[in-house]
Amino acid sequence: MTLLEVKNLKKIYTTRFSNQQVIALSNVSFSVEKGEYVAIMGESGSGKTTLLNILASLDKPTSGYVYLDGQEMTHIKEKELSEFRRKKLGFVFQDFNLLDTFSIKDNIFLPLVLSKEPYHLMNEKLQVLAPKLGIETILDKYPYEISGGQKQRVAVARALITHPAIILADEPTGALDSKATHRLLDMLDMLNKEGQTILMVTHSSQAASYAKRVLFIRDGEVFHQLYKGHQTNEQMYESISKTLTLMTSGGGHYEV
């Protein structure tokens with residue numbers, strides 16, 4: 001079942017003073033099936049951040065369409081967008097985006113509070129989620145009292161507690177050391193195996209090697225894609241590295 005469908009997406013920015021047009025996305029089309037784990041890679045300026053912002057309904061395309069769970073996102077009314085994001089999208093950011101004045105528990109509860117969910121239901125959801133993510137012992141602490149790896153697991157919990165259709169992860173391992181990176185990637189892999197759909201933007205070949213499919217963006221277009229199939233993470237890492245080498249050398253499309 002197709003969960004996310006992107007069709008002929010184009011985004012053009014006009015510079016403020018010179019009125020010069022900058023093409024961030026020129027013609028992007030792809031789909032994500034329910035339960036898939038997809039990574040998006042590309043050099044800085046390739047358009048992947050613009051793409052993620054559009055998928056997150058934080059920006060609108062110049063033309064093209066984005067369908068999520070059968071709903072056309074680019075035409076949702078502004079007053080309905082916040083509720084749509086809370087119900088359908090879970091966000092995991094590189095810098096965690098936790099509020100230092102809130103406890104860990106309250107940070108996780110925040111999207112449910114905004115949806116006016118009763119406390120006892122929020123607590124029931126957290127009691128199931130916290131042990132799975134290994135954060136049950138830090139719920140009463142504050143973000144400045146825990147490690148970067150713990151903060152990212154808290155961010156994942158906040159994204160998951162609304163039972164979103166898809167998790168959008170923006171460089172989720174970018175601020176983590178190697179040990180915390182491995183733990184987070186293993187956790188995302190576990191969540192995907194349980195049925196959670198994940199779309200991750202990353203510079204890291206290691207992080208992307210955990211995905212079931214990798215889309216490579218170059219000059220605002222989908223340059224190539226790799227399917228993991230029966231490859232190990234190590235074999236997928238090698239395939240990703242070869243593709244990135246070709247991209248940076250200016251080569252054309254090829255099959256790995």
# chains A, B, ... in the order shown; residues from 1 in each chain; ligands from 1
$ select_by_dssp --residues "segment 14-231 of chain A" --states "alpha helix (DSSP H)" --output "mmCIF file with N, CA and C atoms, in the first residue's frame"
data_model
loop_
_atom_site.group_PDB
_atom_site.id
_atom_site.type_symbol
_atom_site.label_atom_id
_atom_site.label_comp_id
_atom_site.auth_asym_id
_atom_site.auth_seq_id
_atom_site.Cartn_x
_atom_site.Cartn_y
_atom_site.Cartn_z
ATOM 1 N N LYS A 48 17.666 18.236 -0.841
ATOM 2 C CA LYS A 48 17.043 17.270 0.068
ATOM 3 C C LYS A 48 16.371 17.940 1.269
ATOM 4 N N THR A 49 16.955 19.032 1.778
ATOM 5 C CA THR A 49 16.330 19.736 2.899
ATOM 6 C C THR A 49 15.036 20.415 2.454
ATOM 7 N N THR A 50 15.048 21.008 1.260
ATOM 8 C CA THR A 50 13.825 21.592 0.707
ATOM 9 C C THR A 50 12.753 20.523 0.561
ATOM 10 N N LEU A 51 13.146 19.360 0.072
ATOM 11 C CA LEU A 51 12.206 18.252 -0.091
ATOM 12 C C LEU A 51 11.621 17.860 1.256
ATOM 13 N N LEU A 52 12.471 17.725 2.277
ATOM 14 C CA LEU A 52 11.982 17.334 3.600
ATOM 15 C C LEU A 52 11.010 18.374 4.151
ATOM 16 N N ASN A 53 11.320 19.653 3.963
ATOM 17 C CA ASN A 53 10.436 20.711 4.456
ATOM 18 C C ASN A 53 9.065 20.658 3.793
ATOM 19 N N ILE A 54 9.035 20.311 2.514
ATOM 20 C CA ILE A 54 7.750 20.184 1.817
ATOM 21 C C ILE A 54 6.990 18.963 2.323
ATOM 22 N N LEU A 55 7.705 17.855 2.510
ATOM 23 C CA LEU A 55 7.059 16.649 3.033
ATOM 24 C C LEU A 55 6.527 16.872 4.443
ATOM 25 N N GLU A 78 -4.237 26.414 6.009
ATOM 26 C CA GLU A 78 -3.269 26.753 7.049
ATOM 27 C C GLU A 78 -3.787 26.410 8.444
ATOM 28 N N LYS A 79 -5.042 26.697 8.712
ATOM 29 C CA LYS A 79 -5.592 26.477 10.057
ATOM 30 C C LYS A 79 -5.716 24.989 10.397
ATOM 31 N N GLU A 80 -5.622 24.134 9.380
ATOM 32 C CA GLU A 80 -5.721 22.691 9.597
ATOM 33 C C GLU A 80 -4.362 21.992 9.602
ATOM 34 N N LEU A 81 -3.303 22.725 9.238
ATOM 35 C CA LEU A 81 -1.988 22.108 9.075
ATOM 36 C C LEU A 81 -1.412 21.572 10.376
ATOM 37 N N SER A 82 -1.533 22.353 11.452
ATOM 38 C CA SER A 82 -0.946 21.933 12.730
ATOM 39 C C SER A 82 -1.543 20.612 13.197
ATOM 40 N N GLU A 83 -2.852 20.496 13.095
ATOM 41 C CA GLU A 83 -3.510 19.254 13.499
ATOM 42 C C GLU A 83 -3.096 18.105 12.595
ATOM 43 N N PHE A 84 -2.961 18.365 11.296
ATOM 44 C CA PHE A 84 -2.526 17.341 10.351
ATOM 45 C C PHE A 84 -1.138 16.829 10.709
ATOM 46 N N ARG A 85 -0.206 17.754 11.002
ATOM 47 C CA ARG A 85 1.162 17.350 11.370
ATOM 48 C C ARG A 85 1.156 16.490 12.627
ATOM 49 N N ARG A 86 0.390 16.909 13.642
ATOM 50 C CA ARG A 86 0.377 16.166 14.908
ATOM 51 C C ARG A 86 -0.166 14.753 14.725
ATOM 52 N N LYS A 87 -1.159 14.593 13.857
ATOM 53 C CA LYS A 87 -1.791 13.284 13.701
ATOM 54 C C LYS A 87 -1.046 12.367 12.746
ATOM 55 N N LYS A 88 -0.432 12.936 11.711
ATOM 56 C CA LYS A 88 0.125 12.113 10.640
ATOM 57 C C LYS A 88 1.654 12.026 10.631
ATOM 58 N N ILE A 104 11.506 15.426 30.906
ATOM 59 C CA ILE A 104 11.504 14.497 29.773
ATOM 60 C C ILE A 104 10.082 14.021 29.478
ATOM 61 N N LYS A 105 9.358 13.663 30.511
ATOM 62 C CA LYS A 105 7.977 13.206 30.345
ATOM 63 C C LYS A 105 7.124 14.273 29.665
ATOM 64 N N ASP A 106 7.244 15.507 30.122
ATOM 65 C CA ASP A 106 6.425 16.582 29.554
ATOM 66 C C ASP A 106 6.825 16.908 28.114
ATOM 67 N N ASN A 107 8.122 16.774 27.796
ATOM 68 C CA ASN A 107 8.553 16.957 26.407
ATOM 69 C C ASN A 107 7.884 15.920 25.496
ATOM 70 N N ILE A 108 7.820 14.689 25.967
ATOM 71 C CA ILE A 108 7.217 13.624 25.164
ATOM 72 C C ILE A 108 5.709 13.835 25.033
ATOM 73 N N PHE A 109 5.099 14.325 26.103
ATOM 74 C CA PHE A 109 3.649 14.537 26.103
ATOM 75 C C PHE A 109 3.204 15.725 25.245
ATOM 76 N N LEU A 110 4.120 16.604 24.888
ATOM 77 C CA LEU A 110 3.743 17.883 24.289
ATOM 78 C C LEU A 110 2.779 17.765 23.098
ATOM 79 N N PRO A 111 3.048 16.918 22.096
ATOM 80 C CA PRO A 111 2.088 16.849 20.974
ATOM 81 C C PRO A 111 0.714 16.357 21.386
ATOM 82 N N LEU A 112 0.654 15.509 22.430
ATOM 83 C CA LEU A 112 -0.639 15.031 22.906
ATOM 84 C C LEU A 112 -1.368 16.105 23.701
ATOM 85 N N VAL A 113 -0.610 16.901 24.438
ATOM 86 C CA VAL A 113 -1.203 18.026 25.176
ATOM 87 C C VAL A 113 -1.839 19.005 24.191
ATOM 88 N N LEU A 114 -1.122 19.274 23.099
ATOM 89 C CA LEU A 114 -1.650 20.193 22.083
ATOM 90 C C LEU A 114 -2.917 19.641 21.439
ATOM 91 N N TYR A 119 -4.841 13.048 30.355
ATOM 92 C CA TYR A 119 -3.539 12.669 30.923
ATOM 93 C C TYR A 119 -3.412 11.160 31.071
ATOM 94 N N HIS A 120 -4.464 10.488 31.532
ATOM 95 C CA HIS A 120 -4.333 9.052 31.787
ATOM 96 C C HIS A 120 -4.057 8.283 30.491
ATOM 97 N N LEU A 121 -4.579 8.766 29.368
ATOM 98 C CA LEU A 121 -4.286 8.116 28.092
ATOM 99 C C LEU A 121 -2.852 8.379 27.648
ATOM 100 N N MET A 122 -2.373 9.623 27.873
ATOM 101 C CA MET A 122 -0.977 9.939 27.560
ATOM 102 C C MET A 122 -0.041 9.049 28.365
ATOM 103 N N ASN A 123 -0.362 8.895 29.632
ATOM 104 C CA ASN A 123 0.498 8.110 30.517
ATOM 105 C C ASN A 123 0.500 6.639 30.119
ATOM 106 N N GLU A 124 -0.648 6.113 29.717
ATOM 107 C CA GLU A 124 -0.717 4.723 29.265
ATOM 108 C C GLU A 124 0.178 4.497 28.048
ATOM 109 N N LYS A 125 0.136 5.424 27.117
ATOM 110 C CA LYS A 125 0.975 5.312 25.915
ATOM 111 C C LYS A 125 2.455 5.353 26.279
ATOM 112 N N LEU A 126 2.818 6.251 27.200
ATOM 113 C CA LEU A 126 4.222 6.390 27.587
ATOM 114 C C LEU A 126 4.725 5.147 28.315
ATOM 115 N N GLN A 127 3.885 4.524 29.126
ATOM 116 C CA GLN A 127 4.299 3.339 29.869
ATOM 117 C C GLN A 127 4.634 2.184 28.936
ATOM 118 N N VAL A 128 4.009 2.159 27.769
ATOM 119 C CA VAL A 128 4.324 1.135 26.760
ATOM 120 C C VAL A 128 5.586 1.512 25.991
ATOM 121 N N LEU A 129 5.716 2.792 25.677
ATOM 122 C CA LEU A 129 6.788 3.264 24.797
ATOM 123 C C LEU A 129 8.139 3.381 25.503
ATOM 124 N N ALA A 130 8.147 3.880 26.727
ATOM 125 C CA ALA A 130 9.409 4.189 27.419
ATOM 126 C C ALA A 130 10.337 2.979 27.573
ATOM 127 N N PRO A 131 9.859 1.824 28.030
ATOM 128 C CA PRO A 131 10.774 0.672 28.150
ATOM 129 C C PRO A 131 11.346 0.230 26.809
ATOM 130 N N LYS A 132 10.536 0.338 25.768
ATOM 131 C CA LYS A 132 10.982 -0.065 24.432
ATOM 132 C C LYS A 132 12.173 0.778 23.973
ATOM 133 N N LEU A 133 12.188 2.064 24.354
ATOM 134 C CA LEU A 133 13.244 2.981 23.939
ATOM 135 C C LEU A 133 14.324 3.150 25.007
ATOM 136 N N GLY A 148 23.418 13.123 24.963
ATOM 137 C CA GLY A 148 22.903 13.349 23.621
ATOM 138 C C GLY A 148 22.134 12.152 23.088
ATOM 139 N N GLY A 149 22.656 10.955 23.340
ATOM 140 C CA GLY A 149 21.965 9.751 22.882
ATOM 141 C C GLY A 149 20.606 9.592 23.543
ATOM 142 N N GLN A 150 20.547 9.894 24.840
ATOM 143 C CA GLN A 150 19.271 9.837 25.552
ATOM 144 C C GLN A 150 18.301 10.887 25.023
ATOM 145 N N LYS A 151 18.814 12.084 24.730
ATOM 146 C CA LYS A 151 17.956 13.136 24.176
ATOM 147 C C LYS A 151 17.335 12.697 22.856
ATOM 148 N N GLN A 152 18.129 12.023 22.029
ATOM 149 C CA GLN A 152 17.596 11.613 20.736
ATOM 150 C C GLN A 152 16.557 10.511 20.895
ATOM 151 N N ARG A 153 16.745 9.630 21.874
ATOM 152 C CA ARG A 153 15.733 8.604 22.127
ATOM 153 C C ARG A 153 14.442 9.233 22.661
ATOM 154 N N VAL A 154 14.581 10.290 23.450
ATOM 155 C CA VAL A 154 13.415 11.037 23.924
ATOM 156 C C VAL A 154 12.701 11.683 22.735
ATOM 157 N N ALA A 155 13.481 12.242 21.800
ATOM 158 C CA ALA A 155 12.898 12.859 20.605
ATOM 159 C C ALA A 155 12.145 11.825 19.779
ATOM 160 N N VAL A 156 12.678 10.616 19.697
ATOM 161 C CA VAL A 156 11.992 9.543 18.987
ATOM 162 C C VAL A 156 10.688 9.184 19.699
ATOM 163 N N ALA A 157 10.738 9.130 21.031
ATOM 164 C CA ALA A 157 9.520 8.841 21.801
ATOM 165 C C ALA A 157 8.451 9.899 21.553
ATOM 166 N N ARG A 158 8.859 11.166 21.534
ATOM 167 C CA ARG A 158 7.902 12.248 21.271
ATOM 168 C C ARG A 158 7.295 12.108 19.876
ATOM 169 N N ALA A 159 8.109 11.669 18.909
ATOM 170 C CA ALA A 159 7.608 11.488 17.543
ATOM 171 C C ALA A 159 6.648 10.313 17.452
ATOM 172 N N LEU A 160 6.901 9.266 18.228
ATOM 173 C CA LEU A 160 6.120 8.036 18.122
ATOM 174 C C LEU A 160 4.824 8.055 18.920
ATOM 175 N N SER A 178 29.633 7.689 18.306
ATOM 176 C CA SER A 178 29.466 6.427 17.578
ATOM 177 C C SER A 178 28.598 5.424 18.337
ATOM 178 N N LYS A 179 28.767 5.366 19.666
ATOM 179 C CA LYS A 179 27.990 4.414 20.464
ATOM 180 C C LYS A 179 26.506 4.775 20.437
ATOM 181 N N ALA A 180 26.202 6.059 20.634
ATOM 182 C CA ALA A 180 24.809 6.506 20.615
ATOM 183 C C ALA A 180 24.211 6.366 19.219
ATOM 184 N N THR A 181 25.039 6.576 18.191
ATOM 185 C CA THR A 181 24.575 6.413 16.811
ATOM 186 C C THR A 181 24.128 4.986 16.559
ATOM 187 N N HIS A 182 24.953 4.013 16.953
ATOM 188 C CA HIS A 182 24.606 2.604 16.762
ATOM 189 C C HIS A 182 23.310 2.262 17.486
ATOM 190 N N ARG A 183 23.169 2.751 18.702
ATOM 191 C CA ARG A 183 21.975 2.435 19.481
ATOM 192 C C ARG A 183 20.723 3.028 18.830
ATOM 193 N N LEU A 184 20.843 4.270 18.355
ATOM 194 C CA LEU A 184 19.691 4.904 17.711
ATOM 195 C C LEU A 184 19.320 4.174 16.422
ATOM 196 N N LEU A 185 20.315 3.838 15.607
ATOM 197 C CA LEU A 185 20.036 3.162 14.339
ATOM 198 C C LEU A 185 19.434 1.779 14.565
ATOM 199 N N ASP A 186 19.911 1.070 15.580
ATOM 200 C CA ASP A 186 19.323 -0.222 15.919
ATOM 201 C C ASP A 186 17.863 -0.056 16.347
ATOM 202 N N MET A 187 17.604 1.037 17.084
ATOM 203 C CA MET A 187 16.252 1.300 17.563
ATOM 204 C C MET A 187 15.313 1.629 16.404
ATOM 205 N N LEU A 188 15.762 2.473 15.472
ATOM 206 C CA LEU A 188 14.942 2.802 14.303
ATOM 207 C C LEU A 188 14.674 1.554 13.469
ATOM 208 N N ASP A 189 15.678 0.704 13.353
ATOM 209 C CA ASP A 189 15.518 -0.548 12.616
ATOM 210 C C ASP A 189 14.456 -1.424 13.280
ATOM 211 N N MET A 190 14.493 -1.490 14.612
ATOM 212 C CA MET A 190 13.501 -2.265 15.365
ATOM 213 C C MET A 190 12.091 -1.714 15.134
ATOM 214 N N LEU A 191 11.965 -0.389 15.200
ATOM 215 C CA LEU A 191 10.653 0.238 15.011
ATOM 216 C C LEU A 191 10.113 -0.023 13.607
ATOM 217 N N ASN A 192 11.010 0.013 12.613
ATOM 218 C CA ASN A 192 10.587 -0.274 11.241
ATOM 219 C C ASN A 192 10.121 -1.717 11.106
ATOM 220 N N LYS A 193 10.829 -2.636 11.735
ATOM 221 C CA LYS A 193 10.434 -4.047 11.673
ATOM 222 C C LYS A 193 9.078 -4.268 12.336
ATOM 223 N N SER A 205 26.559 7.610 5.407
ATOM 224 C CA SER A 205 26.397 6.338 4.708
ATOM 225 C C SER A 205 26.069 5.226 5.690
ATOM 226 N N GLN A 206 26.628 5.321 6.889
ATOM 227 C CA GLN A 206 26.341 4.322 7.917
ATOM 228 C C GLN A 206 24.857 4.332 8.276
ATOM 229 N N ALA A 207 24.296 5.526 8.515
ATOM 230 C CA ALA A 207 22.876 5.622 8.853
ATOM 231 C C ALA A 207 22.019 5.129 7.700
ATOM 232 N N ALA A 208 22.357 5.530 6.482
ATOM 233 C CA ALA A 208 21.564 5.143 5.308
ATOM 234 C C ALA A 208 21.616 3.642 5.055
#
$ closest_atom_pairs --of "segment 70-145 of chain A" --to "segment 7-14 of chain A" --cutoff "12 Å" --atoms "only C-alpha atoms" --output "JSON lines"
{"residue": "A:Glu72", "atom": "CA", "partner": "A:Lys7", "partner_atom": "CA", "distance": 10.8}
{"residue": "A:Met73", "atom": "CA", "partner": "A:Lys7", "partner_atom": "CA", "distance": 11.8}
{"residue": "A:Thr74", "atom": "CA", "partner": "A:Leu9", "partner_atom": "CA", "distance": 10.6}
$ closest_atom_pairs --of "segment 35-99 of chain A" --to "segment 223-238 of chain A" --cutoff "10 Å" --atoms "only C-alpha atoms" --output "Markdown table"
| residue | atom | partner | partner_atom | distance |
| --- | --- | --- | --- | --- |
| A:Val38 | CA | A:Tyr227 | CA | 9.4 |
| A:Ala39 | CA | A:Gln225 | CA | 9.7 |
| A:Ile40 | CA | A:Gln225 | CA | 9.1 |
| A:Met41 | CA | A:Gln225 | CA | 9.8 |
| A:Gly42 | CA | A:Phe223 | CA | 9.2 |
$ closest_residue --among "A:Ala56, A:Ile240, A:Val222, A:Leu98" --to "Asp170 of chain A" --atoms "only C-alpha atoms"
A:Ala56
$ select_by_dssp --residues "segment 3-228 of chain A" --states "strand (DSSP E)" --output "PyMOL selection string"
chain A and resi 3-14+21-33+37-41+63-68+71-72+89-93+166-170+197-201+213-218+221-227
$ residues_around --residues "Ser204 of chain A" --least-positions-apart "6" --cutoff "9 Å" --atoms "only C-alpha atoms" --output "list in words"
Met41, Glu171, Thr173 and Gly174 of chain A
$ write_last_selection --atoms "C-alpha atoms" --output "mmCIF file, in the first residue's frame"
data_model
loop_
_atom_site.group_PDB
_atom_site.id
_atom_site.type_symbol
_atom_site.label_atom_id
_atom_site.label_comp_id
_atom_site.auth_asym_id
_atom_site.auth_seq_id
_atom_site.Cartn_x
_atom_site.Cartn_y
_atom_site.Cartn_z
ATOM 1 C CA MET A 41 21.046 11.408 0.540
ATOM 2 C CA GLU A 171 20.078 13.964 10.249
ATOM 3 C CA THR A 173 22.633 10.831 14.118
ATOM 4 C CA GLY A 174 24.389 14.110 13.294
#
$ decode --residues "segment 67-105 of chain A" --atoms "C-alpha atoms" --output "PDB file, in the first residue's frame"
ATOM      1  CA  TYR A  67      -0.114  12.761  -1.051  1.00  0.00           C
ATOM      2  CA  LEU A  68       0.118  11.264   2.431  1.00  0.00           C
ATOM      3  CA  ASP A  69      -2.286   8.518   3.396  1.00  0.00           C
ATOM      4  CA  GLY A  70      -4.488   9.540   0.471  1.00  0.00           C
ATOM      5  CA  GLN A  71      -4.626  13.233   1.407  1.00  0.00           C
ATOM      6  CA  GLU A  72      -3.134  15.898  -0.850  1.00  0.00           C
ATOM      7  CA  MET A  73      -0.896  17.838   1.556  1.00  0.00           C
ATOM      8  CA  THR A  74      -0.017  20.907  -0.475  1.00  0.00           C
ATOM      9  CA  HIS A  75      -3.596  22.201  -0.450  1.00  0.00           C
ATOM     10  CA  ILE A  76      -4.424  21.710   3.228  1.00  0.00           C
ATOM     11  CA  LYS A  77      -5.685  24.959   4.732  1.00  0.00           C
ATOM     12  CA  GLU A  78      -3.269  26.753   7.049  1.00  0.00           C
ATOM     13  CA  LYS A  79      -5.592  26.477  10.057  1.00  0.00           C
ATOM     14  CA  GLU A  80      -5.721  22.691   9.597  1.00  0.00           C
ATOM     15  CA  LEU A  81      -1.988  22.108   9.075  1.00  0.00           C
ATOM     16  CA  SER A  82      -0.946  21.933  12.730  1.00  0.00           C
ATOM     17  CA  GLU A  83      -3.510  19.254  13.499  1.00  0.00           C
ATOM     18  CA  PHE A  84      -2.526  17.341  10.351  1.00  0.00           C
ATOM     19  CA  ARG A  85       1.162  17.350  11.370  1.00  0.00           C
ATOM     20  CA  ARG A  86       0.377  16.166  14.908  1.00  0.00           C
ATOM     21  CA  LYS A  87      -1.791  13.284  13.701  1.00  0.00           C
ATOM     22  CA  LYS A  88       0.125  12.113  10.640  1.00  0.00           C
ATOM     23  CA  LEU A  89       3.780  13.140  11.052  1.00  0.00           C
ATOM     24  CA  GLY A  90       6.431  12.386  13.644  1.00  0.00           C
ATOM     25  CA  PHE A  91       9.577  14.527  13.595  1.00  0.00           C
ATOM     26  CA  VAL A  92      13.107  13.659  14.748  1.00  0.00           C
ATOM     27  CA  PHE A  93      15.683  16.448  14.413  1.00  0.00           C
ATOM     28  CA  GLN A  94      19.475  16.547  14.634  1.00  0.00           C
ATOM     29  CA  ASP A  95      19.379  19.069  17.491  1.00  0.00           C
ATOM     30  CA  PHE A  96      16.602  17.196  19.359  1.00  0.00           C
ATOM     31  CA  ASN A  97      14.345  20.300  19.788  1.00  0.00           C
ATOM     32  CA  LEU A  98      13.623  19.539  23.452  1.00  0.00           C
ATOM     33  CA  LEU A  99      12.462  22.239  25.876  1.00  0.00           C
ATOM     34  CA  ASP A 100      14.886  22.600  28.805  1.00  0.00           C
ATOM     35  CA  THR A 101      12.164  23.951  31.105  1.00  0.00           C
ATOM     36  CA  PHE A 102      10.062  20.800  30.600  1.00  0.00           C
ATOM     37  CA  SER A 103      10.801  17.397  32.121  1.00  0.00           C
ATOM     38  CA  ILE A 104      11.504  14.497  29.773  1.00  0.00           C
ATOM     39  CA  LYS A 105       7.977  13.206  30.345  1.00  0.00           C
TER      40      LYS A 105
END
